[in-house]
Amino acid sequence: MYYIGIDLGGTNIATGLVNKTGEIILKKSIPTRPKRKPELIIKDMATNCIEILNESNISLPQVKSIGIGIPGRCQNKTILHACNIESLDNFNIENELKKYFDLPIYLENDANCAAFAEYLFGASKDYKNSIMVTLGTGIGGGIIIDGKIYKGFQAGAGEIGHHVIISNGEKCNCGRNGCWETYASATALINQANIAAKKNPNSKLNTELNAQKIFEIADTNDKTAQDVINNYIFYLAEGLTNLINILHPEIIVIGGGISAQGEKLLTPVRKQIQKNVYIKNLDTKIVQAKLSNDAGIVGAAILF
């Protein structure tokens with residue numbers, strides 16, 4: 001039996017055919033073009049599914065269900081709000097997709113999908129209480145409690161990037177000041193590096209930057225870059241410490257592009273957490289995600 005997972009993003013629609021062990025047999029990605037009518041977006045999703053089945057020589061009766069991860073809030077097969085795809089707000093995606101497939105349709109927040117995939121097949125496998133933190137343009141999060149996605153009241157839980165770590169701090173896109181993602185996302189790291197570069201014209205940071213480049217420059221003993229990284233690690237650890245104090249998960253999985261730094265990032269983060277966590281000697285593990293960009297597809301597929 002196979003499952004189809006769709007990771008619906010503001011830029012691309014990524015679709016994968018997944019088997020029961022979480023392996024992606026084939027995946028395809030097409031542009032979302034989010035300003036279109038929702039019916040056209042769903043039609044493209046359906047076309048993508050059909051093409052994957054044809055190319056895999058898998059017939060529709062061999063597919064058990066279709067799961068969709070969306071960047072926003074959903075409930076009862078309806079997208080209540082989709083970040084960067086406003087045309088899908090308050091749209092019942094099941095009704096539209098059922099025009100193409102007579103299959104069970106499941107819908108979930110994309111970060112929850114990624115967290116669920118890591119729990120079943122990835123870095124947090126065998127840990128029933130876990131949190132996934134995705135460091136990207138913002139900070140996404142998914143919470144697993146007793147082996148189930150924790151959605152909260154009206155499916156609003158998991159927006160961990162928007163807890164405040166600095167009162168009256170930098171303005172966040174959400175409208176508040178001092179949110180964690182304004183200090184610990186990949187975007188925040190780049191912003192912090194650009195500000196430091198202007199103040200220190202001799203630093204190698206005075207070039208076009210991405211998160212990986214900043215770490216590479218820090219490795220060359222560039223003092224300005226090292227200070228930027230150290231500050232970033234402090235902010236990242238502050239937020240993780242808060243999550244541990246509140247939820248005390250067995251494990252926290254770090255995903256997103258910055259997680260590729262591995263122990264270069266995680267070792268100092270762990271030290272900072274142990275210094276500040278309320279209950280000392282807690283054994284919450286902090287680890288790198290295993291499923292990378294495929295987690296959203298796999299998690300959506302296995303929502304059944």
# chains A, B, ... in the order shown; residues from 1 in each chain; ligands from 1

call {"tool": "closest_atom_pairs", "arguments": {"of": "segment 246-299 of chain A", "to": "segment 126-136 of chain A", "cutoff": "10 Å", "atoms": "only C-alpha atoms", "output": "CSV"}}
result
residue,atom,partner,partner_atom,distance
A:Leu247,CA,A:Asn129,CA,8.9
A:His248,CA,A:Asn129,CA,8.4
A:Pro249,CA,A:Ser130,CA,5.1
A:Glu250,CA,A:Asn129,CA,5.6
A:Ile251,CA,A:Ser130,CA,5.0
A:Ile252,CA,A:Ile131,CA,4.8
A:Val253,CA,A:Met132,CA,4.6
A:Ile254,CA,A:Val133,CA,5.0
A:Gly255,CA,A:Thr134,CA,4.5
A:Gly256,CA,A:Leu135,CA,4.7
A:Gly257,CA,A:Gly136,CA,6.5
A:Ile258,CA,A:Leu135,CA,6.4
A:Ser259,CA,A:Leu135,CA,7.5
A:Thr284,CA,A:Ser130,CA,9.2
A:Lys285,CA,A:Ser130,CA,9.4
A:Ile286,CA,A:Ile131,CA,9.7
A:Val287,CA,A:Met132,CA,9.7
A:Gln288,CA,A:Met132,CA,9.7
A:Ala289,CA,A:Met132,CA,8.2

call {"tool": "write_last_selection", "arguments": {"atoms": "all heavy atoms", "output": "compact mmCIF listing (two decimals), in the first residue's frame"}}
result
# COMPACT_ATOMS: atom_id res chain seq x y z
N LEU A 247 7.53 22.48 28.55
CA LEU A 247 7.01 21.19 28.10
C LEU A 247 7.88 19.98 28.47
O LEU A 247 7.40 18.86 28.46
CB LEU A 247 6.85 21.22 26.57
CG LEU A 247 5.75 22.14 26.05
CD1 LEU A 247 5.83 22.28 24.54
CD2 LEU A 247 4.37 21.62 26.45
N HIS A 248 9.14 20.20 28.78
CA HIS A 248 10.07 19.12 29.13
C HIS A 248 9.93 17.91 28.21
O HIS A 248 9.58 16.80 28.65
CB HIS A 248 9.86 18.69 30.59
CG HIS A 248 10.92 17.72 31.04
ND1 HIS A 248 10.80 17.00 32.21
CD2 HIS A 248 12.09 17.32 30.48
CE1 HIS A 248 11.85 16.20 32.35
NE2 HIS A 248 12.65 16.39 31.32
N PRO A 249 10.20 18.09 26.92
CA PRO A 249 10.16 16.95 26.01
C PRO A 249 11.37 16.04 26.20
O PRO A 249 12.38 16.44 26.79
CB PRO A 249 10.22 17.62 24.63
CG PRO A 249 11.03 18.86 24.88
CD PRO A 249 10.63 19.33 26.26
N GLU A 250 11.25 14.82 25.73
CA GLU A 250 12.40 13.92 25.76
C GLU A 250 13.48 14.36 24.79
O GLU A 250 14.68 14.16 25.03
CB GLU A 250 11.96 12.50 25.40
CG GLU A 250 10.97 11.88 26.37
CD GLU A 250 10.36 10.62 25.78
OE1 GLU A 250 10.98 9.55 25.91
OE2 GLU A 250 9.26 10.71 25.18
N ILE A 251 13.05 14.97 23.68
CA ILE A 251 13.99 15.31 22.62
C ILE A 251 13.49 16.51 21.84
O ILE A 251 12.27 16.67 21.66
CB ILE A 251 14.20 14.09 21.68
CG1 ILE A 251 15.32 14.33 20.69
CG2 ILE A 251 12.91 13.68 21.00
CD1 ILE A 251 15.73 13.06 19.92
N ILE A 252 14.40 17.36 21.40
CA ILE A 252 14.09 18.47 20.50
C ILE A 252 14.90 18.26 19.22
O ILE A 252 16.12 18.08 19.27
CB ILE A 252 14.42 19.84 21.12
CG1 ILE A 252 13.55 20.09 22.33
CG2 ILE A 252 14.23 20.94 20.09
CD1 ILE A 252 13.82 21.41 23.05
N VAL A 253 14.21 18.26 18.10
CA VAL A 253 14.83 18.05 16.80
C VAL A 253 14.97 19.40 16.10
O VAL A 253 13.99 20.13 15.96
CB VAL A 253 13.98 17.09 15.94
CG1 VAL A 253 14.61 16.90 14.56
CG2 VAL A 253 13.84 15.74 16.64
N ILE A 254 16.18 19.71 15.66
CA ILE A 254 16.44 20.98 14.99
C ILE A 254 16.53 20.75 13.48
O ILE A 254 17.38 19.98 13.01
CB ILE A 254 17.75 21.64 15.48
CG1 ILE A 254 17.76 21.74 17.01
CG2 ILE A 254 17.94 23.00 14.83
CD1 ILE A 254 16.73 22.64 17.59
N GLY A 255 15.65 21.39 12.72
CA GLY A 255 15.64 21.27 11.27
C GLY A 255 15.87 22.62 10.61
O GLY A 255 16.15 23.62 11.27
N GLY A 256 15.74 22.66 9.30
CA GLY A 256 16.02 23.87 8.55
C GLY A 256 17.48 23.92 8.12
O GLY A 256 18.31 23.13 8.58
N GLY A 257 17.78 24.87 7.25
CA GLY A 257 19.12 24.93 6.67
C GLY A 257 20.24 25.06 7.68
O GLY A 257 21.31 24.45 7.53
N ILE A 258 20.03 25.82 8.75
CA ILE A 258 21.09 26.02 9.75
C ILE A 258 21.44 24.73 10.46
O ILE A 258 22.57 24.54 10.93
CB ILE A 258 20.67 27.11 10.76
CG1 ILE A 258 20.65 28.48 10.06
CG2 ILE A 258 21.61 27.18 11.95
CD1 ILE A 258 20.26 29.62 10.95
N SER A 259 20.50 23.79 10.54
CA SER A 259 20.77 22.52 11.23
C SER A 259 21.89 21.74 10.55
O SER A 259 22.49 20.85 11.16
CB SER A 259 19.51 21.66 11.30
OG SER A 259 19.14 21.17 10.02
N THR A 284 16.91 16.26 28.30
CA THR A 284 16.29 16.52 27.01
C THR A 284 17.37 16.55 25.94
O THR A 284 18.30 17.35 26.01
CB THR A 284 15.54 17.87 27.01
OG1 THR A 284 14.44 17.80 27.93
CG2 THR A 284 15.00 18.19 25.63
N LYS A 285 17.25 15.68 24.96
CA LYS A 285 18.25 15.62 23.90
C LYS A 285 17.99 16.71 22.86
O LYS A 285 16.84 17.00 22.53
CB LYS A 285 18.23 14.24 23.24
CG LYS A 285 18.67 13.12 24.17
CD LYS A 285 18.54 11.76 23.49
CE LYS A 285 19.17 10.67 24.34
NZ LYS A 285 18.55 10.55 25.67
N ILE A 286 19.05 17.31 22.34
CA ILE A 286 18.96 18.30 21.27
C ILE A 286 19.71 17.72 20.08
O ILE A 286 20.93 17.54 20.13
CB ILE A 286 19.60 19.65 21.68
CG1 ILE A 286 19.12 20.09 23.07
CG2 ILE A 286 19.31 20.70 20.62
CD1 ILE A 286 17.68 20.47 23.15
N VAL A 287 19.00 17.39 19.00
CA VAL A 287 19.61 16.67 17.89
C VAL A 287 19.24 17.30 16.55
O VAL A 287 18.28 18.07 16.44
CB VAL A 287 19.19 15.18 17.89
CG1 VAL A 287 19.57 14.50 19.20
CG2 VAL A 287 17.70 15.04 17.63
N GLN A 288 20.00 16.94 15.54
CA GLN A 288 19.76 17.40 14.18
C GLN A 288 18.69 16.54 13.51
O GLN A 288 18.63 15.32 13.71
CB GLN A 288 21.06 17.31 13.38
CG GLN A 288 20.99 17.81 11.96
CD GLN A 288 22.33 17.67 11.25
OE1 GLN A 288 23.33 17.24 11.84
NE2 GLN A 288 22.37 18.01 9.97
N ALA A 289 17.82 17.17 12.74
CA ALA A 289 16.79 16.43 11.99
C ALA A 289 17.43 15.49 10.99
O ALA A 289 18.54 15.73 10.50
CB ALA A 289 15.87 17.40 11.28

call {"tool": "residues_around", "arguments": {"residues": "Asn194 of chain A", "least_positions_apart": "4", "cutoff": "12 Å", "atoms": "only C-alpha atoms", "output": "PyMOL selection string"}}
result
chain A and resi 187-190+198-201+203-211+213-214+224-225+228

call {"tool": "closest_residue", "arguments": {"among": "A:Lys275, A:Lys64, A:Lys43, A:Lys35", "to": "Val18 of chain A", "atoms": "only C-alpha atoms"}}
result
A:Lys64

call {"tool": "residues_around", "arguments": {"residues": "Thr78 of chain A", "least_positions_apart": "5", "cutoff": "10 Å", "atoms": "only C-alpha atoms", "output": "PyMOL selection string"}}
result
chain A and resi 73+88-95+106-108

call {"tool": "write_last_selection", "arguments": {"atoms": "all heavy atoms", "output": "mmCIF file, in the first residue's frame"}}
result
data_model
loop_
_atom_site.group_PDB
_atom_site.id
_atom_site.type_symbol
_atom_site.label_atom_id
_atom_site.label_comp_id
_atom_site.auth_asym_id
_atom_site.auth_seq_id
_atom_site.Cartn_x
_atom_site.Cartn_y
_atom_site.Cartn_z
ATOM 1 N N ARG A 73 -3.049 27.280 9.481
ATOM 2 C CA ARG A 73 -3.951 26.625 10.430
ATOM 3 C C ARG A 73 -5.095 25.967 9.691
ATOM 4 O O ARG A 73 -5.658 26.532 8.744
ATOM 5 C CB ARG A 73 -4.480 27.692 11.400
ATOM 6 C CG ARG A 73 -5.157 27.159 12.636
ATOM 7 C CD ARG A 73 -5.213 28.229 13.716
ATOM 8 N NE ARG A 73 -5.958 29.400 13.275
ATOM 9 C CZ ARG A 73 -7.257 29.591 13.506
ATOM 10 N NH1 ARG A 73 -7.952 28.665 14.167
ATOM 11 N NH2 ARG A 73 -7.858 30.674 13.092
ATOM 12 N N LEU A 88 -6.489 30.602 -0.321
ATOM 13 C CA LEU A 88 -6.948 29.351 0.270
ATOM 14 C C LEU A 88 -7.561 29.527 1.661
ATOM 15 O O LEU A 88 -8.001 28.550 2.263
ATOM 16 C CB LEU A 88 -5.788 28.348 0.350
ATOM 17 C CG LEU A 88 -5.295 27.778 -0.984
ATOM 18 C CD1 LEU A 88 -4.101 26.871 -0.761
ATOM 19 C CD2 LEU A 88 -6.408 27.014 -1.694
ATOM 20 N N ASP A 89 -7.590 30.737 2.170
ATOM 21 C CA ASP A 89 -8.189 30.961 3.488
ATOM 22 C C ASP A 89 -9.664 30.558 3.484
ATOM 23 O O ASP A 89 -10.422 30.892 2.564
ATOM 24 C CB ASP A 89 -8.076 32.433 3.882
ATOM 25 C CG ASP A 89 -6.666 32.814 4.315
ATOM 26 O OD1 ASP A 89 -5.783 31.946 4.276
ATOM 27 O OD2 ASP A 89 -6.458 33.985 4.693
ATOM 28 N N ASN A 90 -10.048 29.804 4.525
ATOM 29 C CA ASN A 90 -11.433 29.320 4.692
ATOM 30 C C ASN A 90 -11.908 28.483 3.503
ATOM 31 O O ASN A 90 -13.071 28.525 3.118
ATOM 32 C CB ASN A 90 -12.383 30.506 4.915
ATOM 33 C CG ASN A 90 -12.044 31.284 6.166
ATOM 34 O OD1 ASN A 90 -11.913 30.712 7.242
ATOM 35 N ND2 ASN A 90 -11.883 32.594 6.020
ATOM 36 N N PHE A 91 -10.978 27.709 2.962
ATOM 37 C CA PHE A 91 -11.291 26.880 1.788
ATOM 38 C C PHE A 91 -11.283 25.409 2.181
ATOM 39 O O PHE A 91 -10.335 24.919 2.803
ATOM 40 C CB PHE A 91 -10.241 27.137 0.695
ATOM 41 C CG PHE A 91 -10.520 26.427 -0.600
ATOM 42 C CD1 PHE A 91 -11.453 26.929 -1.502
ATOM 43 C CD2 PHE A 91 -9.857 25.252 -0.927
ATOM 44 C CE1 PHE A 91 -11.708 26.278 -2.693
ATOM 45 C CE2 PHE A 91 -10.102 24.599 -2.110
ATOM 46 C CZ PHE A 91 -11.031 25.111 -3.002
ATOM 47 N N ASN A 92 -12.352 24.688 1.818
ATOM 48 C CA ASN A 92 -12.424 23.251 2.094
ATOM 49 C C ASN A 92 -11.695 22.502 0.983
ATOM 50 O O ASN A 92 -12.221 22.320 -0.114
ATOM 51 C CB ASN A 92 -13.876 22.779 2.205
ATOM 52 C CG ASN A 92 -13.977 21.341 2.682
ATOM 53 O OD1 ASN A 92 -13.393 20.434 2.101
ATOM 54 N ND2 ASN A 92 -14.717 21.133 3.766
ATOM 55 N N ILE A 93 -10.494 22.075 1.286
ATOM 56 C CA ILE A 93 -9.648 21.466 0.269
ATOM 57 C C ILE A 93 -10.101 20.047 -0.066
ATOM 58 O O ILE A 93 -9.912 19.565 -1.188
ATOM 59 C CB ILE A 93 -8.174 21.479 0.738
ATOM 60 C CG1 ILE A 93 -7.222 21.356 -0.451
ATOM 61 C CG2 ILE A 93 -7.901 20.433 1.783
ATOM 62 C CD1 ILE A 93 -5.793 21.700 -0.109
ATOM 63 N N GLU A 94 -10.750 19.368 0.881
ATOM 64 C CA GLU A 94 -11.208 18.006 0.636
ATOM 65 C C GLU A 94 -12.274 17.989 -0.463
ATOM 66 O O GLU A 94 -12.211 17.159 -1.376
ATOM 67 C CB GLU A 94 -11.762 17.382 1.911
ATOM 68 C CG GLU A 94 -12.241 15.948 1.697
ATOM 69 C CD GLU A 94 -12.909 15.374 2.938
ATOM 70 O OE1 GLU A 94 -13.751 16.070 3.533
ATOM 71 O OE2 GLU A 94 -12.587 14.230 3.281
ATOM 72 N N ASN A 95 -13.240 18.884 -0.382
ATOM 73 C CA ASN A 95 -14.311 18.908 -1.376
ATOM 74 C C ASN A 95 -13.768 19.073 -2.787
ATOM 75 O O ASN A 95 -14.258 18.439 -3.732
ATOM 76 C CB ASN A 95 -15.288 20.047 -1.064
ATOM 77 C CG ASN A 95 -16.117 19.778 0.167
ATOM 78 O OD1 ASN A 95 -16.185 18.654 0.650
ATOM 79 N ND2 ASN A 95 -16.748 20.818 0.711
ATOM 80 N N TYR A 106 -6.463 13.975 4.062
ATOM 81 C CA TYR A 106 -6.088 14.473 5.387
ATOM 82 C C TYR A 106 -5.346 15.796 5.247
ATOM 83 O O TYR A 106 -4.655 16.032 4.251
ATOM 84 C CB TYR A 106 -5.217 13.452 6.123
ATOM 85 C CG TYR A 106 -5.917 12.132 6.336
ATOM 86 C CD1 TYR A 106 -5.700 11.059 5.465
ATOM 87 C CD2 TYR A 106 -6.801 11.949 7.395
ATOM 88 C CE1 TYR A 106 -6.343 9.847 5.647
ATOM 89 C CE2 TYR A 106 -7.446 10.733 7.588
ATOM 90 C CZ TYR A 106 -7.223 9.690 6.710
ATOM 91 O OH TYR A 106 -7.862 8.496 6.898
ATOM 92 N N LEU A 107 -5.483 16.637 6.266
ATOM 93 C CA LEU A 107 -4.931 17.987 6.197
ATOM 94 C C LEU A 107 -4.290 18.338 7.535
ATOM 95 O O LEU A 107 -4.842 18.054 8.595
ATOM 96 C CB LEU A 107 -6.064 18.971 5.881
ATOM 97 C CG LEU A 107 -5.722 20.421 5.567
ATOM 98 C CD1 LEU A 107 -4.868 20.516 4.313
ATOM 99 C CD2 LEU A 107 -7.014 21.230 5.383
ATOM 100 N N GLU A 108 -3.091 18.946 7.477
ATOM 101 C CA GLU A 108 -2.401 19.303 8.709
ATOM 102 C C GLU A 108 -1.422 20.431 8.454
ATOM 103 O O GLU A 108 -0.980 20.648 7.320
ATOM 104 C CB GLU A 108 -1.660 18.068 9.262
ATOM 105 C CG GLU A 108 -0.993 18.237 10.607
ATOM 106 C CD GLU A 108 -1.943 18.729 11.676
ATOM 107 O OE1 GLU A 108 -2.678 17.913 12.277
ATOM 108 O OE2 GLU A 108 -1.950 19.962 11.896
#

call {"tool": "closest_residue", "arguments": {"among": "A:Asn230, A:Arg33, A:Pro38, A:Met1", "to": "Thr21 of chain A", "atoms": "only C-alpha atoms"}}
result
A:Met1

call {"tool": "residues_around", "arguments": {"residues": "segment 173-182 of chain A", "least_positions_apart": "5", "cutoff": "12 Å", "atoms": "only C-alpha atoms", "output": "short mmCIF file (atom, residue, chain, number, x, y, z; two decimals) with C-alpha atoms, in the first residue's frame"}}
result
data_model
loop_
_atom_site.label_atom_id
_atom_site.label_comp_id
_atom_site.auth_asym_id
_atom_site.auth_seq_id
_atom_site.Cartn_x
_atom_site.Cartn_y
_atom_site.Cartn_z
CA CYS A 83 0.44 31.83 5.12
CA VAL A 133 12.09 23.36 15.59
CA THR A 134 12.66 24.51 12.02
CA LEU A 135 15.12 27.37 11.53
CA GLY A 136 14.38 29.07 8.23
CA THR A 137 12.90 32.35 7.06
CA GLY A 138 11.09 32.26 10.40
CA ILE A 139 10.94 29.61 13.11
CA GLY A 140 8.40 26.84 12.70
CA GLY A 141 7.50 24.21 15.24
CA GLU A 159 3.68 28.74 16.82
CA ILE A 160 6.86 28.59 18.88
CA GLY A 161 8.64 31.27 16.85
CA HIS A 162 6.32 33.85 18.35
CA HIS A 163 7.10 33.61 22.02
CA VAL A 164 8.94 36.73 23.16
CA ILE A 165 12.51 36.43 24.40
CA ILE A 166 13.30 40.17 24.57
CA SER A 167 10.66 42.55 25.89
CA ASN A 168 10.18 45.51 23.52
CA THR A 187 16.83 35.47 8.45
CA ALA A 188 17.73 36.91 11.85
CA LEU A 189 21.27 35.50 11.65
CA ILE A 190 21.82 37.13 8.26
CA ASN A 191 20.40 40.44 9.49
CA GLN A 192 22.66 40.35 12.55
CA TYR A 232 22.92 33.85 17.63
CA PHE A 234 22.64 32.57 22.83
CA TYR A 235 19.29 33.61 21.33
CA LEU A 236 18.60 30.14 19.95
CA ALA A 237 19.36 28.52 23.31
CA GLU A 238 17.15 31.04 25.16
CA GLY A 239 14.11 29.94 23.18
CA LEU A 240 14.92 26.25 23.47
CA THR A 241 15.36 26.64 27.23
CA ASN A 242 11.88 28.16 27.45
CA LEU A 243 10.41 25.22 25.52
#

call {"tool": "closest_residue", "arguments": {"among": "A:Ser59, A:Lys125, A:Val269, A:Gly16", "to": "Ala184 of chain A", "atoms": "only C-alpha atoms"}}
result
A:Val269

call {"tool": "select_by_dssp", "arguments": {"residues": "segment 24-267 of chain A", "states": "alpha helix (DSSP H)", "output": "number ranges by chain"}}
result
A: 38-56, 93-97, 110-121, 181-184, 186-199, 211-218, 223-247, 263-267

call {"tool": "select_by_dssp", "arguments": {"residues": "segment 37-237 of chain A", "states": "strand (DSSP E or B)", "output": "ChimeraX atom specification"}}
result
/A:63-70,72-75,78-82,91-92,105-109,130-135,139-145,148-149,164,171,177,179

call {"tool": "residues_around", "arguments": {"residues": "Tyr100 of chain A", "least_positions_apart": "3", "cutoff": "12 Å", "atoms": "only C-alpha atoms", "output": "PyMOL selection string"}}
result
chain A and resi 39+42-50+60+66+93-97+103-105

call {"tool": "residues_around", "arguments": {"residues": "Gly72 of chain A", "least_positions_apart": "2", "cutoff": "8 Å", "atoms": "only C-alpha atoms", "output": "NGL selection string"}}
result
:A and (70 or 74 or 79-83 or 109-110)

call {"tool": "atom_distance", "arguments": {"atom1": "atom CA of Asn202 of chain A", "atom2": "atom CA of Lys223 of chain A"}}
result
10.3 Å

call {"tool": "decode", "arguments": {"residues": "segment 183-204 of chain A", "atoms": "N, CA, C and O atoms", "output": "short mmCIF file (atom, residue, chain, number, x, y, z; two decimals), in the first residue's frame"}}
result
data_model
loop_
_atom_site.label_atom_id
_atom_site.label_comp_id
_atom_site.auth_asym_id
_atom_site.auth_seq_id
_atom_site.Cartn_x
_atom_site.Cartn_y
_atom_site.Cartn_z
N TYR A 183 15.18 36.79 16.32
CA TYR A 183 16.55 36.69 16.83
C TYR A 183 17.22 35.36 16.48
O TYR A 183 18.45 35.29 16.47
N ALA A 184 16.45 34.32 16.20
CA ALA A 184 17.06 33.00 16.05
C ALA A 184 16.71 32.27 14.76
O ALA A 184 17.08 31.11 14.58
N SER A 185 16.01 32.92 13.84
CA SER A 185 15.77 32.31 12.53
C SER A 185 17.01 32.50 11.65
O SER A 185 17.94 33.24 12.00
N ALA A 186 17.03 31.85 10.50
CA ALA A 186 18.13 32.07 9.55
C ALA A 186 18.13 33.51 9.06
O ALA A 186 19.19 34.13 8.89
N THR A 187 16.95 34.06 8.86
CA THR A 187 16.83 35.47 8.45
C THR A 187 17.45 36.39 9.49
O THR A 187 18.17 37.33 9.16
N ALA A 188 17.19 36.10 10.76
CA ALA A 188 17.73 36.91 11.85
C ALA A 188 19.25 36.85 11.86
O ALA A 188 19.93 37.87 12.05
N LEU A 189 19.81 35.65 11.67
CA LEU A 189 21.27 35.50 11.65
C LEU A 189 21.89 36.36 10.56
O LEU A 189 22.90 37.05 10.78
N ILE A 190 21.31 36.33 9.38
CA ILE A 190 21.82 37.13 8.26
C ILE A 190 21.71 38.62 8.56
O ILE A 190 22.64 39.39 8.31
N ASN A 191 20.58 39.03 9.12
CA ASN A 191 20.40 40.44 9.49
C ASN A 191 21.45 40.88 10.50
O ASN A 191 22.04 41.97 10.39
N GLN A 192 21.68 40.03 11.52
CA GLN A 192 22.66 40.35 12.55
C GLN A 192 24.07 40.46 11.95
O GLN A 192 24.85 41.34 12.33
N ALA A 193 24.38 39.58 11.01
CA ALA A 193 25.70 39.60 10.37
C ALA A 193 25.87 40.85 9.52
O ALA A 193 26.96 41.46 9.49
N ASN A 194 24.84 41.25 8.80
CA ASN A 194 24.93 42.45 7.95
C ASN A 194 25.13 43.71 8.79
O ASN A 194 25.90 44.60 8.42
N ILE A 195 24.45 43.78 9.92
CA ILE A 195 24.61 44.93 10.83
C ILE A 195 26.04 44.97 11.37
O ILE A 195 26.70 46.03 11.40
N ALA A 196 26.55 43.81 11.78
CA ALA A 196 27.91 43.74 12.31
C ALA A 196 28.95 44.08 11.24
O ALA A 196 29.96 44.73 11.53
N ALA A 197 28.68 43.67 10.01
CA ALA A 197 29.62 43.95 8.91
C ALA A 197 29.77 45.44 8.67
O ALA A 197 30.88 45.94 8.43
N LYS A 198 28.66 46.17 8.73
CA LYS A 198 28.72 47.62 8.51
C LYS A 198 29.54 48.31 9.59
O LYS A 198 30.22 49.31 9.33
N LYS A 199 29.48 47.79 10.81
CA LYS A 199 30.23 48.38 11.91
C LYS A 199 31.70 47.98 11.89
O LYS A 199 32.53 48.61 12.56
N ASN A 200 32.01 46.91 11.14
CA ASN A 200 33.38 46.38 11.11
C ASN A 200 33.80 46.15 9.66
O ASN A 200 33.74 45.02 9.15
N PRO A 201 34.23 47.21 8.98
CA PRO A 201 34.53 47.13 7.54
C PRO A 201 35.64 46.17 7.18
O PRO A 201 35.74 45.74 6.02
N ASN A 202 36.47 45.79 8.13
CA ASN A 202 37.56 44.85 7.83
C ASN A 202 37.13 43.38 7.93
O ASN A 202 37.90 42.48 7.61
N SER A 203 35.91 43.15 8.40
CA SER A 203 35.43 41.77 8.54
C SER A 203 35.11 41.17 7.18
O SER A 203 34.67 41.85 6.26
N LYS A 204 35.33 39.88 7.07
CA LYS A 204 35.00 39.15 5.85
C LYS A 204 33.48 39.04 5.65
O LYS A 204 33.02 38.55 4.61
#
